[in-house]
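First the structure, in the form of structure tokens, and then the observations on it.
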Amino acid sequence: RGAGRRRIGVMRRTRVGAAGLALLATMAAADDYTVQFVIQVDETRREDVLITVREAKAPIGAQRFRELVNTGFYDGCALYRVVPGFIVQFGLSSNVSVQRHWDAIGPIRDDTLIEYPDWNIRGSVAFFTSGPSSRETEVIINYDDNHQLDDKGFAPFGRVVKGMPALSTIYSGYRERPLASTIRLRGGAYMQSEFPRLSYIVSARQVAFVEEPLVLSKNFTGLLITGGMVFAAILCCACTRAASRRLGPLIAKGQGYSKPRRGDSAVLAAEDYDDDSPPTSPK
């Protein structure tokens with residue numbers, strides 16, 4: 001019996017292991033995934049940023065981003081272009097040889113068959129592009145709603161689901177002074193010597209999937225607020241009209257009080273006269 005129980009236990013563990021492998025295979029084949037970026041904000045502080053990627057938004061860009069993450073390309077990359085209220089840009093390796101390898105692979109094609117297109121709103125993530133089919137390794141994260149980028153080939157493939165406040169605190173003093181062309185030539189040595197305060201990525205790893213929250217653009221939010229205000233005004237006017245129709249006749253009738261006739265003025269004057277009041281003597 002003991003041998004039989006051990007055999008059954010082994011079979012159960014084998015089934016559980018097979019189910020676990022099947023689940024991992026399903027997760028690996030999933031179209032959507034989440035990446036955790038560990039960012040060195042300054043000398044003493046690190047922050048986590050989670051980006052959830054949807055391949056249905058930009059399948060070619062999402063696939064390239066997965067490849068870059070899984071090969072460790074973004075480890076050590078500086079957040080070299082930081083424009084508050086606009087974007088933060090990264091994606092040039094501090095290792096010149098690594099950057100040359102990916103430059104040799106070449107850019108990816110533009111995403112034209114997009115099932116669920118997204119917009120460049122606050123927190124959205126897209127590859128940097130300088131023209132048709134020019135997306136390589138550089139990525140931008142939108143600090144604000146930048147709808148002017150929608151028609152310029154910036155196709156968002158993901159969104160920040162955690163860490164936007166942390167991204168707002170990374171060093172932005174250098175703005176657009178670091179040159180991409182020089183980073184490609186000199187790598188980390190250039191950034192460390194010329195821009196030592198740049199925040200940088202410690203690591204980027206694919207983690208358990210995190211669902212992205214519903215985020216509305218400022219324009220759409222403003223439209224909803226305006227629509228709500230208009231609806232409230234219409235409702236207020238309708239209530240006022242209904243109240244006027246119902247209370248109008250009562251007000252006109254004085255709630256049972258009839259307007260005195262001309263002949264009743266003397267009676268009213270006599271009733272208003274107070275006999276107990278002292279007479280007024282002429283001076």
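Within each chain, counting starts at residue 1; across the structure tokens, chains are named A, B, ... in the order shown, with ligands numbered 1 upward in that order.
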
Practice item. Find the residues near Ser93 (chain A): any atom within 8 Å, counting only C-alpha atoms, skip ones fewer than 6 places away on the same chain, and give them as a PyMOL selection string. Key: chain A and resi 73-78+99+184+187-188

Exercise for review: Select from region 1-216 of chain A everything DSSP, run on the backbone, classes as strand (DSSP E), then give the selection as a PyMOL selection string.
Suggested key: chain A and resi 32-40+46-54+81-83+87-90+124-127+139-142+156-162+200-207

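In terms of minimum interatomic distance to Asp32 (chain A), A:Val207 ranks closest within A:Cys236, A:Val207, A:Leu214, A:Val88, counting only C-alpha atoms.
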
For region 37-57 of chain A versus region 159-170 of chain A, which residues have an atom no more than 9 Å away, and what is each residue's nearest atom pair and distance in Å rounded to one decimal, using only C-alpha atoms, chain-then-number order, as a tab-separated table?
```
residue	atom	partner	partner_atom	distance
A:Ile39	CA	A:Leu167	CA	8.8
A:Gln40	CA	A:Ile170	CA	8.5
A:Val41	CA	A:Ile170	CA	5.2
A:Asp42	CA	A:Ile170	CA	7.5
A:Glu47	CA	A:Ala166	CA	6.4
A:Asp48	CA	A:Gly163	CA	6.3
A:Val49	CA	A:Gly163	CA	4.5
A:Leu50	CA	A:Lys162	CA	5.0
A:Ile51	CA	A:Val160	CA	4.4
A:Thr52	CA	A:Arg159	CA	5.6
A:Val53	CA	A:Arg159	CA	6.7
A:Arg54	CA	A:Arg159	CA	8.6
```

Exercise for review: With a distance cut-off of 10 Å and only C-alpha atoms, select the neighbouring residues of Glu194 (chain A), excluding the residue or stretch itself and same-chain residues fewer than 3 positions from it, and output the selection as an NGL selection string.
Suggested key: :A and (174 or 177-178 or 188-191 or 197-198)

Take the residues from that selection and put them in a file with all heavy atoms, as a CSV table (one decimal), in the first residue's frame.
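The file below, result07.csv, is the result:
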```csv
chain,number,residue,atom,x,y,z
A,174,TYR,N,19.1,68.9,-17.3
A,174,TYR,CA,19.8,68.9,-18.6
A,174,TYR,C,18.9,69.1,-19.8
A,174,TYR,O,19.4,69.3,-20.9
A,174,TYR,CB,20.7,67.6,-18.8
A,174,TYR,CG,21.7,67.4,-17.7
A,174,TYR,CD1,21.7,66.2,-17.0
A,174,TYR,CD2,22.6,68.4,-17.3
A,174,TYR,CE1,22.6,65.9,-16.0
A,174,TYR,CE2,23.5,68.2,-16.3
A,174,TYR,CZ,23.5,66.9,-15.6
A,174,TYR,OH,24.4,66.7,-14.6
A,177,ARG,N,20.0,68.8,-23.7
A,177,ARG,CA,21.4,69.0,-24.0
A,177,ARG,C,22.2,67.7,-24.4
A,177,ARG,O,23.0,67.7,-25.2
A,177,ARG,CB,22.1,69.6,-22.8
A,177,ARG,CG,21.7,71.1,-22.7
A,177,ARG,CD,22.2,71.7,-21.3
A,177,ARG,NE,23.6,71.4,-21.1
A,177,ARG,CZ,24.2,71.4,-19.9
A,177,ARG,NH1,23.4,71.8,-18.8
A,177,ARG,NH2,25.4,71.2,-19.7
A,178,PRO,N,21.9,66.5,-23.7
A,178,PRO,CA,22.6,65.3,-24.1
A,178,PRO,C,22.3,64.9,-25.6
A,178,PRO,O,21.1,64.9,-26.0
A,178,PRO,CB,22.1,64.2,-23.2
A,178,PRO,CG,21.6,65.0,-22.0
A,178,PRO,CD,21.1,66.3,-22.5
A,188,GLY,N,28.3,55.4,-22.2
A,188,GLY,CA,28.2,55.8,-20.8
A,188,GLY,C,29.3,56.8,-20.4
A,188,GLY,O,29.0,57.6,-19.5
A,189,ALA,N,30.4,56.7,-21.0
A,189,ALA,CA,31.5,57.6,-20.6
A,189,ALA,C,31.1,59.1,-20.9
A,189,ALA,O,31.4,60.0,-20.1
A,189,ALA,CB,32.8,57.3,-21.4
A,190,TYR,N,30.5,59.3,-22.0
A,190,TYR,CA,30.0,60.7,-22.3
A,190,TYR,C,29.0,61.2,-21.3
A,190,TYR,O,29.1,62.3,-20.8
A,190,TYR,CB,29.4,60.6,-23.7
A,190,TYR,CG,28.6,61.8,-24.1
A,190,TYR,CD1,29.1,63.1,-24.2
A,190,TYR,CD2,27.2,61.7,-24.3
A,190,TYR,CE1,28.4,64.2,-24.5
A,190,TYR,CE2,26.4,62.8,-24.7
A,190,TYR,CZ,27.0,64.0,-24.8
A,190,TYR,OH,26.3,65.1,-25.2
A,191,MET,N,28.0,60.3,-20.9
A,191,MET,CA,27.0,60.8,-20.0
A,191,MET,C,27.5,61.0,-18.6
A,191,MET,O,27.2,61.9,-17.9
A,191,MET,CB,25.8,59.8,-20.0
A,191,MET,CG,25.1,59.8,-21.3
A,191,MET,SD,23.7,58.6,-21.3
A,191,MET,CE,24.6,57.1,-21.6
A,197,ARG,N,24.3,63.8,-13.4
A,197,ARG,CA,23.1,63.7,-12.5
A,197,ARG,C,22.0,63.0,-13.2
A,197,ARG,O,20.9,63.0,-12.7
A,197,ARG,CB,22.8,65.1,-12.1
A,197,ARG,CG,23.8,65.8,-11.2
A,197,ARG,CD,23.3,67.1,-10.7
A,197,ARG,NE,22.2,67.0,-9.8
A,197,ARG,CZ,21.5,68.0,-9.2
A,197,ARG,NH1,21.9,69.3,-9.5
A,197,ARG,NH2,20.5,67.8,-8.5
A,198,LEU,N,22.2,62.5,-14.4
A,198,LEU,CA,21.1,61.9,-15.1
A,198,LEU,C,20.6,60.6,-14.3
A,198,LEU,O,21.4,59.9,-13.8
A,198,LEU,CB,21.6,61.4,-16.5
A,198,LEU,CG,21.6,62.4,-17.6
A,198,LEU,CD1,22.2,61.8,-18.9
A,198,LEU,CD2,20.3,63.0,-17.9
```

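You will find CA of Arg186 (chain A) at 6.6 Å from CA of Val96 (chain A).
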
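For the atom pair formed by CA of Ala180 (chain A) and CA of Asn142 (chain A), the distance is 18.8 Å, given to one decimal.
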
Exercise for review: Report as a VMD selection string: the residues of region 56-254 of chain A with a DSSP assignment of alpha helix (DSSP H), based on the backbone of this structure.
Suggested key: chain A and resid 59 to 70 96 to 105 164 to 167 180 to 186 188 to 194 218 to 253

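You can rank A:Cys239, A:Arg81, A:Ser97, A:Gly158 by their closest distance to Glu211 (chain A) using only C-alpha atoms, and at the top of that list sits A:Gly158.
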
Practice item. Tell me which protein, DNA and RNA residues are within 8 Å of Asn70 (chain A), counting only C-alpha atoms, leaving out same-chain ones fewer than 4 positions away, and put them as JSON, numbers by chain. Key: {"A": [66, 205, 206]}

Selected residues written out with N, CA, C and O atoms, as an mmCIF file, in the first residue's frame:
```cif
data_model
loop_
_atom_site.group_PDB
_atom_site.id
_atom_site.type_symbol
_atom_site.label_atom_id
_atom_site.label_comp_id
_atom_site.auth_asym_id
_atom_site.auth_seq_id
_atom_site.Cartn_x
_atom_site.Cartn_y
_atom_site.Cartn_z
ATOM 1 N N ARG A 66 9.596 43.899 -26.361
ATOM 2 C CA ARG A 66 9.781 42.650 -25.612
ATOM 3 C C ARG A 66 11.193 42.104 -25.839
ATOM 4 O O ARG A 66 11.868 41.649 -24.897
ATOM 5 N N ARG A 205 12.709 44.114 -16.399
ATOM 6 C CA ARG A 205 12.375 42.695 -16.453
ATOM 7 C C ARG A 205 10.877 42.506 -16.643
ATOM 8 O O ARG A 205 10.072 43.256 -16.091
ATOM 9 N N GLN A 206 10.521 41.471 -17.400
ATOM 10 C CA GLN A 206 9.110 41.137 -17.564
ATOM 11 C C GLN A 206 8.612 40.472 -16.285
ATOM 12 O O GLN A 206 9.247 39.566 -15.749
#
```

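In this model, the gap between CA of Phe128 (chain A) and CA of Asp150 (chain A) comes to 11.9 Å.
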
Exercise for review: Would you kindly return, as a PyMOL selection string, each protein, DNA or RNA residue with an atom no farther than 8 Å from any atom of Ile141 (chain A), considering only C-alpha atoms and excluding same-chain residues fewer than 6 positions away?
Suggested key: chain A and resi 87-89+122-126

Point to revise | Spatial neighbours of region 112-115 of chain A, 8 Å, only C-alpha atoms, chain gap at least 5 places, as an NGL selection string | key: :A and (56-59)
